[in-house]
$ cat coords.txt   # compact mmCIF, C-alpha atoms
# COMPACT_ATOMS: atom_id res chain seq x y z
CA MET D 572 -20.25 -31.04 183.45
CA SER D 573 -24.00 -31.69 183.82
CA ALA D 574 -26.23 -28.76 184.72
CA ASN D 575 -26.76 -28.14 188.47
CA LYS D 576 -23.92 -30.50 189.38
CA GLU D 577 -21.11 -28.96 191.40
CA TYR D 578 -18.58 -31.72 190.97
CA LYS D 579 -17.52 -34.54 188.70
CA VAL D 580 -16.56 -37.85 190.36
CA LEU D 581 -15.02 -40.89 188.69
CA ILE D 582 -15.80 -44.40 189.94
CA ALA D 583 -12.56 -46.11 188.94
CA HIS D 584 -13.70 -49.71 189.20
CA THR D 585 -16.38 -51.71 187.41
CA ASP D 586 -17.65 -53.54 190.49
CA VAL D 587 -18.57 -50.66 192.80
CA PRO D 588 -22.21 -51.41 193.77
CA PRO D 589 -24.60 -48.66 192.62
CA GLU D 590 -26.51 -48.88 195.92
CA GLY D 591 -23.42 -47.65 197.72
CA ILE D 592 -22.89 -44.47 195.72
CA GLU D 593 -26.45 -43.16 195.33
CA ILE D 594 -25.57 -40.36 197.74
CA LEU D 595 -23.22 -38.86 195.13
CA TYR D 596 -25.83 -38.14 192.47
CA GLU D 597 -27.44 -35.13 194.16
CA LYS D 598 -24.33 -32.95 193.83
CA CYS D 599 -22.10 -34.82 191.42
CA GLU D 600 -21.90 -35.93 187.85
CA VAL D 601 -20.77 -39.55 188.21
CA LEU D 602 -18.61 -41.26 185.59
CA ARG D 603 -17.91 -44.98 185.65
CA ILE D 604 -15.15 -47.16 184.25
CA THR D 605 -16.26 -49.97 181.91
CA ASN D 606 -12.99 -51.88 181.45
CA ASP D 607 -11.54 -54.26 184.04
CA TYR D 608 -7.97 -54.29 185.33
CA PRO D 609 -5.41 -54.31 183.75
CA LYS D 610 -7.06 -52.91 180.61
CA ASN D 611 -8.64 -49.97 182.40
CA ARG D 612 -5.63 -47.67 182.83
CA ALA D 613 -6.07 -45.76 179.59
CA GLU D 614 -9.79 -45.34 180.27
CA ILE D 615 -9.10 -44.04 183.79
CA LEU D 616 -6.58 -41.51 182.52
CA GLU D 617 -9.05 -40.33 179.88
CA LYS D 618 -12.18 -40.12 182.02
CA ILE D 619 -10.54 -38.55 185.06
CA ARG D 620 -9.79 -35.36 183.11
CA GLY D 621 -11.68 -32.54 184.77
CA CYS D 622 -12.82 -34.70 187.68
CA HIS D 623 -12.82 -33.32 191.20
CA ALA D 624 -12.62 -36.67 192.99
CA VAL D 625 -12.32 -40.40 192.49
CA ILE D 626 -13.42 -43.54 194.27
CA TRP D 627 -10.47 -45.87 193.78
CA GLY D 628 -10.68 -49.65 193.76
CA GLY D 629 -8.74 -52.74 192.89
CA ARG D 630 -5.01 -52.99 192.26
CA ASP D 631 -4.47 -49.96 190.04
CA LEU D 632 -1.69 -47.59 191.04
CA LEU D 633 -2.91 -44.23 192.27
CA ASN D 634 -0.01 -41.91 191.52
CA ALA D 635 1.14 -38.67 189.95
CA GLU D 636 0.15 -39.87 186.49
CA VAL D 637 -3.48 -40.00 187.61
CA PHE D 638 -3.39 -36.65 189.40
CA ASP D 639 -1.73 -34.95 186.43
CA ALA D 640 -4.36 -36.39 184.11
CA ALA D 641 -7.16 -35.16 186.37
CA GLY D 642 -6.00 -31.57 186.49
CA PRO D 643 -5.53 -28.85 189.12
CA GLN D 644 -9.16 -28.91 190.28
CA PHE D 645 -8.77 -32.46 191.67
CA LYS D 646 -9.58 -32.44 195.40
CA ALA D 647 -10.29 -35.84 196.99
CA VAL D 648 -9.80 -39.62 196.83
CA SER D 649 -11.24 -42.53 198.75
CA THR D 650 -10.47 -46.20 198.41
CA MET D 651 -12.89 -49.01 199.22
CA SER D 652 -10.35 -50.96 201.23
CA SER D 653 -8.32 -50.90 204.43
CA GLY D 654 -4.96 -51.14 202.69
CA ILE D 655 -3.50 -48.22 200.73
CA ASN D 656 -0.37 -49.96 199.45
CA ASN D 657 -1.24 -49.04 195.86
CA CYS D 658 -1.57 -45.33 196.70
CA ASP D 659 1.35 -42.91 196.42
CA VAL D 660 0.77 -41.34 199.84
CA PRO D 661 3.76 -38.97 199.73
CA GLU D 662 2.52 -37.60 196.40
CA LEU D 663 -1.01 -37.17 197.76
CA LYS D 664 0.33 -35.32 200.78
CA ARG D 665 2.59 -33.16 198.62
CA ARG D 666 -0.41 -32.06 196.59
CA GLY D 667 -2.62 -31.62 199.67
CA ILE D 668 -5.16 -34.18 198.46
CA PRO D 669 -7.02 -35.99 201.29
CA LEU D 670 -7.22 -39.77 201.09
CA GLY D 671 -10.01 -41.81 202.64
CA SER D 672 -10.22 -45.55 203.21
CA THR D 673 -12.84 -47.91 204.60
CA PRO D 674 -11.26 -50.28 207.14
CA ALA D 675 -14.19 -50.22 209.58
CA MET D 676 -16.56 -51.49 206.89
CA LEU D 677 -14.38 -54.57 206.31
CA THR D 678 -13.94 -55.60 209.92
CA VAL D 679 -16.91 -57.93 210.36
CA ALA D 680 -16.48 -59.88 207.14
CA VAL D 681 -12.71 -60.28 207.56
CA ALA D 682 -13.08 -61.36 211.18
CA ASP D 683 -15.68 -63.96 210.20
CA LEU D 684 -13.39 -65.41 207.55
CA ALA D 685 -10.43 -65.46 209.94
CA VAL D 686 -12.36 -67.64 212.36
CA GLY D 687 -13.38 -69.89 209.48
CA LEU D 688 -9.76 -70.28 208.37
CA LEU D 689 -8.66 -70.97 211.93
CA ILE D 690 -11.21 -73.75 212.36
CA ALA D 691 -10.58 -75.17 208.89
CA ALA D 692 -6.82 -75.34 209.46
CA ALA D 693 -7.03 -76.59 213.05
CA ARG D 694 -9.53 -79.32 212.17
CA ARG D 695 -7.78 -80.33 208.95
CA PHE D 696 -10.57 -79.56 206.45
CA GLN D 697 -8.27 -79.57 203.43
CA GLU D 698 -6.63 -82.86 204.36
CA GLY D 699 -10.01 -84.44 205.13
CA ARG D 700 -11.44 -83.41 201.76
CA LYS D 701 -8.43 -84.89 199.97
CA LYS D 702 -8.80 -88.17 201.87
CA ILE D 703 -12.42 -88.43 200.76
CA GLU D 704 -11.43 -87.73 197.15
CA ARG D 705 -8.76 -90.44 197.35
CA ASP D 706 -11.08 -93.02 198.95
CA ASN D 707 -8.85 -92.94 202.00
CA TRP D 708 -11.52 -92.79 204.69
CA ASP D 709 -10.31 -94.59 207.83
CA ILE D 710 -13.11 -95.79 210.11
CA HIS D 711 -11.05 -98.16 212.25
CA HIS D 712 -8.80 -95.86 214.29
CA LEU D 713 -9.93 -93.50 217.04
CA ASN D 714 -6.97 -91.17 216.55
CA TRP D 715 -7.57 -90.64 212.83
CA MET D 716 -7.57 -86.98 211.68
CA LEU D 717 -7.22 -85.49 215.14
CA GLY D 718 -7.04 -81.72 215.10
CA GLN D 719 -6.25 -78.90 217.51
CA ASP D 720 -8.70 -77.65 220.16
CA ILE D 721 -9.73 -74.02 220.33
CA ARG D 722 -11.12 -74.40 223.85
CA ASP D 723 -8.71 -73.15 226.54
CA SER D 724 -6.14 -72.21 223.88
CA THR D 725 -3.83 -69.22 223.80
CA VAL D 726 -4.51 -67.05 220.77
CA GLY D 727 -1.76 -64.65 219.74
CA PHE D 728 -2.43 -61.63 217.56
CA PHE D 729 0.24 -59.98 215.46
CA GLY D 730 -1.64 -56.72 215.23
CA PHE D 731 -4.57 -56.08 217.56
CA GLY D 732 -6.55 -53.25 216.05
CA GLY D 733 -10.19 -53.31 215.03
CA ILE D 734 -10.03 -56.52 213.01
CA GLY D 735 -7.92 -58.35 215.60
CA GLN D 736 -10.33 -57.37 218.34
CA ALA D 737 -13.32 -58.44 216.25
CA ILE D 738 -11.70 -61.85 215.78
CA ALA D 739 -11.03 -62.11 219.52
CA LYS D 740 -14.67 -61.25 220.21
CA ARG D 741 -15.83 -64.10 217.99
CA LEU D 742 -13.33 -66.55 219.47
CA SER D 743 -14.51 -65.75 222.98
CA GLY D 744 -17.56 -67.85 222.15
CA PHE D 745 -15.23 -70.83 221.73
CA ASP D 746 -14.03 -70.52 225.35
CA ILE D 747 -10.43 -69.67 224.52
CA GLY D 748 -8.08 -69.36 227.48
CA ARG D 749 -6.31 -66.05 226.87
CA VAL D 750 -5.19 -63.55 224.27
CA LEU D 751 -1.65 -62.34 223.65
CA TYR D 752 -0.91 -59.52 221.28
CA THR D 753 1.96 -57.52 219.88
CA LYS D 754 1.53 -54.12 218.28
CA ARG D 755 3.23 -50.74 218.29
CA GLY D 756 1.09 -49.29 221.05
CA ARG D 757 -0.74 -50.86 223.94
CA VAL D 758 -4.52 -51.08 223.73
CA SER D 759 -6.61 -49.67 226.56
CA GLN D 760 -6.91 -51.46 229.88
CA GLU D 761 -10.63 -51.84 229.21
CA ILE D 762 -9.96 -53.76 225.99
CA GLU D 763 -7.31 -55.92 227.68
CA GLU D 764 -9.78 -56.83 230.42
CA GLN D 765 -12.56 -57.48 227.92
CA PHE D 766 -10.51 -60.07 226.02
CA ASN D 767 -8.23 -61.26 228.83
CA ALA D 768 -5.42 -59.89 226.66
CA ARG D 769 -1.80 -59.13 227.45
CA GLN D 770 0.77 -57.30 225.35
CA VAL D 771 3.97 -59.30 224.85
CA ASP D 772 7.05 -59.15 222.67
CA PHE D 773 7.19 -60.99 219.35
CA ASP D 774 9.21 -63.95 220.60
CA THR D 775 6.83 -64.54 223.52
CA LEU D 776 3.87 -64.36 221.17
CA LEU D 777 5.41 -67.06 218.97
CA ALA D 778 6.48 -69.33 221.83
CA GLU D 779 3.27 -69.31 223.85
CA SER D 780 0.48 -69.12 221.26
CA ASP D 781 -1.51 -72.13 220.09
CA PHE D 782 -2.93 -69.99 217.28
CA VAL D 783 -1.08 -67.05 215.73
CA ILE D 784 -3.26 -64.62 213.77
CA ILE D 785 -1.65 -62.00 211.54
CA ALA D 786 -3.89 -58.93 211.48
CA SER D 787 -1.26 -56.30 210.79
CA PRO D 788 -0.67 -53.93 207.89
CA LEU D 789 2.34 -54.40 205.65
CA THR D 790 5.17 -52.06 206.55
CA PRO D 791 8.94 -52.18 206.05
CA GLU D 792 9.14 -53.50 209.63
CA THR D 793 6.55 -56.27 209.18
CA GLN D 794 7.57 -57.45 205.71
CA GLY D 795 8.91 -61.00 205.92
CA ILE D 796 8.91 -61.04 209.73
CA PHE D 797 7.29 -64.48 209.74
CA ASN D 798 10.30 -66.40 208.44
CA ALA D 799 12.19 -69.58 209.24
CA SER D 800 13.50 -68.10 212.48
CA ALA D 801 9.98 -67.20 213.60
CA PHE D 802 8.52 -70.60 212.71
CA LYS D 803 11.23 -72.33 214.74
CA LYS D 804 10.04 -70.42 217.81
CA MET D 805 6.41 -71.51 217.43
CA LYS D 806 4.85 -74.58 218.99
CA GLN D 807 4.86 -77.62 216.76
CA SER D 808 1.09 -77.80 217.33
CA ALA D 809 0.59 -74.15 216.36
CA VAL D 810 -1.75 -72.93 213.64
CA LEU D 811 -0.93 -69.77 211.66
CA VAL D 812 -3.73 -67.63 210.19
CA ASN D 813 -2.97 -64.70 207.87
CA ILE D 814 -5.65 -62.18 206.96
CA GLY D 815 -3.18 -59.25 206.95
CA ARG D 816 -0.90 -59.09 203.92
CA GLY D 817 0.88 -61.89 202.09
CA LYS D 818 4.32 -60.30 202.18
CA ILE D 819 4.35 -60.32 205.99
CA VAL D 820 5.12 -64.03 205.63
CA ASN D 821 8.14 -65.48 203.88
CA GLN D 822 6.16 -68.00 201.88
CA ASP D 823 9.08 -70.31 201.06
CA ASP D 824 9.88 -70.55 204.76
CA LEU D 825 6.21 -71.18 205.55
CA TYR D 826 6.14 -73.99 203.00
CA ASP D 827 9.17 -75.61 204.64
CA ALA D 828 7.64 -75.24 208.11
CA LEU D 829 4.41 -76.90 206.98
CA LYS D 830 6.10 -79.56 204.87
CA THR D 831 8.32 -80.65 207.77
CA ASN D 832 5.53 -80.31 210.35
CA ARG D 833 7.50 -77.64 212.18
CA ILE D 834 4.08 -76.06 212.71
CA PHE D 835 0.75 -77.87 212.52
CA ALA D 836 -1.17 -75.97 209.85
CA ALA D 837 -1.94 -72.63 208.25
CA GLY D 838 -5.02 -70.81 207.01
CA LEU D 839 -4.35 -68.05 204.47
CA ASP D 840 -6.55 -65.48 202.78
CA VAL D 841 -3.53 -63.49 201.62
CA MET D 842 -0.36 -64.75 200.00
CA ASP D 843 2.60 -63.73 197.89
CA PRO D 844 2.18 -63.36 194.99
CA GLU D 845 -1.46 -62.72 194.29
CA PRO D 846 -3.00 -64.28 192.32
CA LEU D 847 -1.22 -67.39 193.57
CA PRO D 848 -0.27 -69.64 190.62
CA SER D 849 -2.35 -72.80 190.46
CA LYS D 850 0.83 -74.91 190.45
CA ASP D 851 2.35 -73.21 193.50
CA LYS D 852 3.99 -75.75 195.80
CA LEU D 853 2.02 -74.46 198.77
CA LEU D 854 -1.19 -75.83 197.26
CA ALA D 855 0.20 -79.36 197.21
CA LEU D 856 0.30 -79.49 201.01
CA ASP D 857 -2.46 -81.11 203.02
CA ASN D 858 -2.04 -78.85 206.05
CA VAL D 859 -2.80 -75.47 204.51
CA VAL D 860 -6.19 -73.93 203.75
CA VAL D 861 -6.14 -71.13 201.18
CA THR D 862 -8.84 -68.70 200.08
CA PRO D 863 -8.26 -66.18 197.26
CA HIS D 864 -8.18 -62.90 199.24
CA VAL D 865 -11.93 -62.81 199.79
CA GLY D 866 -11.86 -61.49 203.35
CA TYR D 867 -14.38 -58.73 202.76
CA ALA D 868 -16.15 -60.29 199.78
CA THR D 869 -19.73 -60.10 200.98
CA LYS D 870 -22.49 -58.08 199.33
CA ARG D 871 -23.30 -56.04 202.42
CA THR D 872 -19.64 -55.22 203.04
CA ARG D 873 -19.14 -54.02 199.46
CA ILE D 874 -22.19 -51.75 199.65
CA ASP D 875 -21.18 -50.36 203.05
CA ALA D 876 -17.62 -49.72 201.84
CA ALA D 877 -18.86 -47.93 198.72
CA ASN D 878 -21.20 -45.78 200.78
CA LEU D 879 -18.43 -44.77 203.19
CA ALA D 880 -16.09 -44.04 200.28
CA ALA D 881 -18.77 -41.84 198.72
CA ARG D 882 -19.27 -39.95 201.98
CA ASN D 883 -15.49 -39.57 202.33
CA VAL D 884 -15.35 -38.00 198.88
CA LEU D 885 -18.24 -35.63 199.57
CA ARG D 886 -16.57 -34.45 202.77
CA GLY D 887 -13.28 -33.99 200.96
CA LEU D 888 -14.95 -31.95 198.20
CA ALA D 889 -16.57 -29.74 200.82
CA GLY D 890 -13.22 -29.12 202.47
CA GLU D 891 -14.31 -31.01 205.57
CA PRO D 892 -12.46 -33.84 207.37
CA MET D 893 -13.25 -37.24 205.88
CA LEU D 894 -15.27 -39.66 207.99
CA SER D 895 -12.55 -42.29 207.60
CA PRO D 896 -9.24 -40.66 206.66
CA ALA D 897 -6.35 -42.91 205.66
CA TYR D 898 -3.84 -40.52 207.24
$ encode --input "coords.txt" --output "structure tokens"
Amino acid sequence: MSANKEYKVLIAHTDVPPEGIEILYEKCEVLRITNDYPKNRAEILEKIRGCHAVIWGGRDLLNAEVFDAAGPQFKAVSTMSSGINNCDVPELKRRGIPLGSTPAMLTVAVADLAVGLLIAAARRFQEGRKKIERDNWDIHHLNWMLGQDIRDSTVGFFGFGGIGQAIAKRLSGFDIGRVLYTKRGRVSQEIEEQFNARQVDFDTLLAESDFVIIASPLTPETQGIFNASAFKKMKQSAVLVNIGRGKIVNQDDLYDALKTNRIFAAGLDVMDPEPLPSKDKLLALDNVVVTPHVGYATKRTRIDAANLAARNVLRGLAGEPMLSPAY
């Protein structure tokens, strides 16, 4: 370890912005990975030896293999994401290693993209672009390419935490009518009054919403909950937006619902699998807008997430509660 450095910290991803981790250098020797996923595993296992903490990124599995390679002095981990699906949480808890995450840093960027997907799907951006490319521009009919209005609509949230509320805040500028939400616990009365929101059961959410926004984590209970049965309960004019996790939606059932116009359209930043194959049947549809899981892909968000992850790690090394614990 370098002289006058108390700790050694591994940055286990090539794209962590240096501006975000400057705070580490005062007390820590900082090691960085040079290989990208999936070729980085061997490098991670080599460089993490003797490290006290790691900032974890990307899709790599964080599990016992990593902790064993690090050694008994290993004390703290933070991701740069809201999801921790690639982390072996039971193993972390068994070893008493605190885990941080950075959901608050992602909220603004993800909420912005969700609104963009909602508008793009409701106003048929994908279909319109394809019509231009095919020289199929109709200037003679007033009802050509009519979309769905956001004004006075009912927006339903499957999951109404920080990101869901940030989306609702942005949509309030579009004069929506009301908000419905379903989640494990009820939000405060103050939040309900702020967004004209009401907690309802899942079936009511599906039946009454003009827009259904998935902003929920993936759990055994939520996996595949948006299936053929759910789509049959939605309005035929409904638009589905998913910025949660791809596996919350049964993608074959979604394809059928879109193909048969059972629902109007969908806007997806997450899907199953990821990366989505370029020949996937979903991409052949006109009434779906897809972005490649770029919800928090802005420069400022990446720097903010790295900075919070660095501060999480420093708190963990000091034996103090992390600023943004994952559990």
$ closest_residue --input "coords.txt" --among "D:Ala680, D:Ala647, D:Val686, D:Leu633" --to "D:Leu888" --atoms "only C-alpha atoms"
D:Ala647
$ closest_atom_pairs --input "coords.txt" --of "stretch 582-686 of chain D" --to "stretch 773-788 of chain D" --cutoff "9 Å" --atoms "all atoms listed in the file" --output "Markdown table"
| residue | atom | partner | partner_atom | distance |
| --- | --- | --- | --- | --- |
| D:Ser653 | CA | D:Pro788 | CA | 8.9 |
| D:Gly654 | CA | D:Pro788 | CA | 7.3 |
| D:Ala685 | CA | D:Ile784 | CA | 8.2 |
$ residues_around --input "coords.txt" --residues "D:Asp639" --least-positions-apart "6" --cutoff "10 Å" --atoms "all atoms listed in the file" --output "number ranges by chain"
D: 616, 619-620, 645
$ write_last_selection --input "coords.txt" --atoms "C-alpha atoms" --output "mmCIF file, keeping the file's coordinate frame"
data_model
loop_
_atom_site.group_PDB
_atom_site.id
_atom_site.type_symbol
_atom_site.label_atom_id
_atom_site.label_comp_id
_atom_site.auth_asym_id
_atom_site.auth_seq_id
_atom_site.Cartn_x
_atom_site.Cartn_y
_atom_site.Cartn_z
ATOM 1 C CA LEU D 616 -6.580 -41.510 182.520
ATOM 2 C CA ILE D 619 -10.540 -38.550 185.060
ATOM 3 C CA ARG D 620 -9.790 -35.360 183.110
ATOM 4 C CA PHE D 645 -8.770 -32.460 191.670
#
$ closest_residue --input "coords.txt" --among "D:Leu632, D:Val812, D:Ile747, D:Ala868" --to "D:Val660" --atoms "only C-alpha atoms"
D:Leu632
$ closest_residue --input "coords.txt" --among "D:Gly866, D:Pro896, D:Gly817, D:Gly591" --to "D:Met842" --atoms "all atoms listed in the file"
D:Gly817
$ residues_around --input "coords.txt" --residues "D:Asn767" --least-positions-apart "2" --cutoff "12 Å" --atoms "only C-alpha atoms" --output "PyMOL selection string"
chain D and resi 725-727+736+739-740+742-743+746-752+758-765+769-770
$ residues_around --input "coords.txt" --residues "D:Ala640" --least-positions-apart "2" --cutoff "10 Å" --atoms "only C-alpha atoms" --output "count of residues only"
15
$ residues_near_point --input "coords.txt" --point "(8.3, -68.1, 211.7)" --cutoff "10 Å" --atoms "only C-alpha atoms" --output "mmCIF file with C-alpha atoms, keeping the file's coordinate frame"
data_model
loop_
_atom_site.group_PDB
_atom_site.id
_atom_site.type_symbol
_atom_site.label_atom_id
_atom_site.label_comp_id
_atom_site.auth_asym_id
_atom_site.auth_seq_id
_atom_site.Cartn_x
_atom_site.Cartn_y
_atom_site.Cartn_z
ATOM 1 C CA ASP D 774 9.210 -63.950 220.600
ATOM 2 C CA LEU D 777 5.410 -67.060 218.970
ATOM 3 C CA GLY D 795 8.910 -61.000 205.920
ATOM 4 C CA ILE D 796 8.910 -61.040 209.730
ATOM 5 C CA PHE D 797 7.290 -64.480 209.740
ATOM 6 C CA ASN D 798 10.300 -66.400 208.440
ATOM 7 C CA ALA D 799 12.190 -69.580 209.240
ATOM 8 C CA SER D 800 13.500 -68.100 212.480
ATOM 9 C CA ALA D 801 9.980 -67.200 213.600
ATOM 10 C CA PHE D 802 8.520 -70.600 212.710
ATOM 11 C CA LYS D 803 11.230 -72.330 214.740
ATOM 12 C CA LYS D 804 10.040 -70.420 217.810
ATOM 13 C CA MET D 805 6.410 -71.510 217.430
ATOM 14 C CA LEU D 811 -0.930 -69.770 211.660
ATOM 15 C CA VAL D 820 5.120 -64.030 205.630
ATOM 16 C CA ASN D 821 8.140 -65.480 203.880
ATOM 17 C CA ASP D 824 9.880 -70.550 204.760
ATOM 18 C CA LEU D 825 6.210 -71.180 205.550
ATOM 19 C CA ALA D 828 7.640 -75.240 208.110
ATOM 20 C CA ARG D 833 7.500 -77.640 212.180
ATOM 21 C CA ILE D 834 4.080 -76.060 212.710
#
$ closest_residue --input "coords.txt" --among "D:Leu894, D:Leu854, D:Ala583, D:Val865" --to "D:Asn878" --atoms "only C-alpha atoms"
D:Leu894
$ atom_distance --input "coords.txt" --atom1 "atom CA of D:Glu577" --atom2 "atom CA of D:Leu595"
10.8 Å
$ closest_residue --input "coords.txt" --among "D:Val884, D:Ala682, D:Met716, D:Val587" --to "D:Phe731" --atoms "only C-alpha atoms"
D:Ala682
$ closest_residue --input "coords.txt" --among "D:Leu581, D:Val625, D:Leu713, D:Ala876" --to "D:Val679" --atoms "only C-alpha atoms"
D:Ala876
$ residues_around --input "coords.txt" --residues "D:Ala880" --least-positions-apart "4" --cutoff "10 Å" --atoms "all atoms listed in the file" --output "number ranges by chain"
D: 591-592, 625-627, 648-652, 670-673, 676, 874-876, 884-886, 893-896
$ atom_distance --input "coords.txt" --atom1 "atom CA of D:Leu853" --atom2 "atom CA of D:Tyr826"
5.9 Å
$ atom_distance --input "coords.txt" --atom1 "atom CA of D:Arg816" --atom2 "atom CA of D:Glu792"
12.8 Å
$ residues_around --input "coords.txt" --residues "D:Tyr578" --least-positions-apart "4" --cutoff "7 Å" --atoms "only C-alpha atoms" --output "list of chain:residue names"
D:Lys598, D:Cys599, D:Glu600, D:His623
$ decode --input "coords.txt" --residues "stretch 820-834 of chain D" --atoms "N, CA, C and O atoms" --output "tab-separated table (two decimals), in the first residue's frame"
chain	number	residue	atom	x	y	z
D	820	VAL	N	-42.03	-7.39	-16.80
D	820	VAL	CA	-42.96	-7.57	-17.92
D	820	VAL	C	-42.68	-8.89	-18.62
D	820	VAL	O	-41.52	-9.21	-18.92
D	821	ASN	N	-43.73	-9.65	-18.87
D	821	ASN	CA	-43.62	-10.82	-19.74
D	821	ASN	C	-43.57	-10.29	-21.17
D	821	ASN	O	-44.58	-9.85	-21.72
D	822	GLN	N	-42.40	-10.32	-21.77
D	822	GLN	CA	-42.20	-9.62	-23.03
D	822	GLN	C	-42.94	-10.27	-24.20
D	822	GLN	O	-43.38	-9.57	-25.11
D	823	ASP	N	-43.09	-11.57	-24.18
D	823	ASP	CA	-43.89	-12.22	-25.23
D	823	ASP	C	-45.34	-11.79	-25.15
D	823	ASP	O	-45.99	-11.52	-26.18
D	824	ASP	N	-45.86	-11.68	-23.94
D	824	ASP	CA	-47.24	-11.22	-23.77
D	824	ASP	C	-47.39	-9.76	-24.16
D	824	ASP	O	-48.41	-9.35	-24.73
D	825	LEU	N	-46.37	-8.95	-23.86
D	825	LEU	CA	-46.40	-7.55	-24.28
D	825	LEU	C	-46.41	-7.45	-25.79
D	825	LEU	O	-47.17	-6.65	-26.37
D	826	TYR	N	-45.58	-8.25	-26.45
D	826	TYR	CA	-45.56	-8.24	-27.92
D	826	TYR	C	-46.96	-8.54	-28.47
D	826	TYR	O	-47.45	-7.85	-29.37
D	827	ASP	N	-47.60	-9.57	-27.94
D	827	ASP	CA	-48.94	-9.93	-28.42
D	827	ASP	C	-49.93	-8.80	-28.18
D	827	ASP	O	-50.77	-8.51	-29.04
D	828	ALA	N	-49.84	-8.15	-27.01
D	828	ALA	CA	-50.77	-7.06	-26.69
D	828	ALA	C	-50.58	-5.88	-27.63
D	828	ALA	O	-51.56	-5.22	-28.03
D	829	LEU	N	-49.34	-5.60	-27.99
D	829	LEU	CA	-49.07	-4.49	-28.92
D	829	LEU	C	-49.42	-4.87	-30.36
D	829	LEU	O	-49.99	-4.07	-31.11
D	830	LYS	N	-49.08	-6.09	-30.73
D	830	LYS	CA	-49.34	-6.56	-32.09
D	830	LYS	C	-50.82	-6.58	-32.41
D	830	LYS	O	-51.24	-6.25	-33.54
D	831	THR	N	-51.63	-6.95	-31.43
D	831	THR	CA	-53.08	-7.05	-31.64
D	831	THR	C	-53.82	-5.78	-31.23
D	831	THR	O	-55.06	-5.75	-31.23
D	832	ASN	N	-53.06	-4.74	-30.88
D	832	ASN	CA	-53.64	-3.47	-30.43
D	832	ASN	C	-54.53	-3.64	-29.19
D	832	ASN	O	-55.49	-2.89	-29.01
D	833	ARG	N	-54.18	-4.61	-28.36
D	833	ARG	CA	-54.87	-4.76	-27.08
D	833	ARG	C	-54.59	-3.56	-26.20
D	833	ARG	O	-55.42	-3.10	-25.42
D	834	ILE	N	-53.34	-3.03	-26.28
D	834	ILE	CA	-53.02	-1.73	-25.71
D	834	ILE	C	-52.45	-0.86	-26.83
D	834	ILE	O	-52.04	-1.37	-27.88
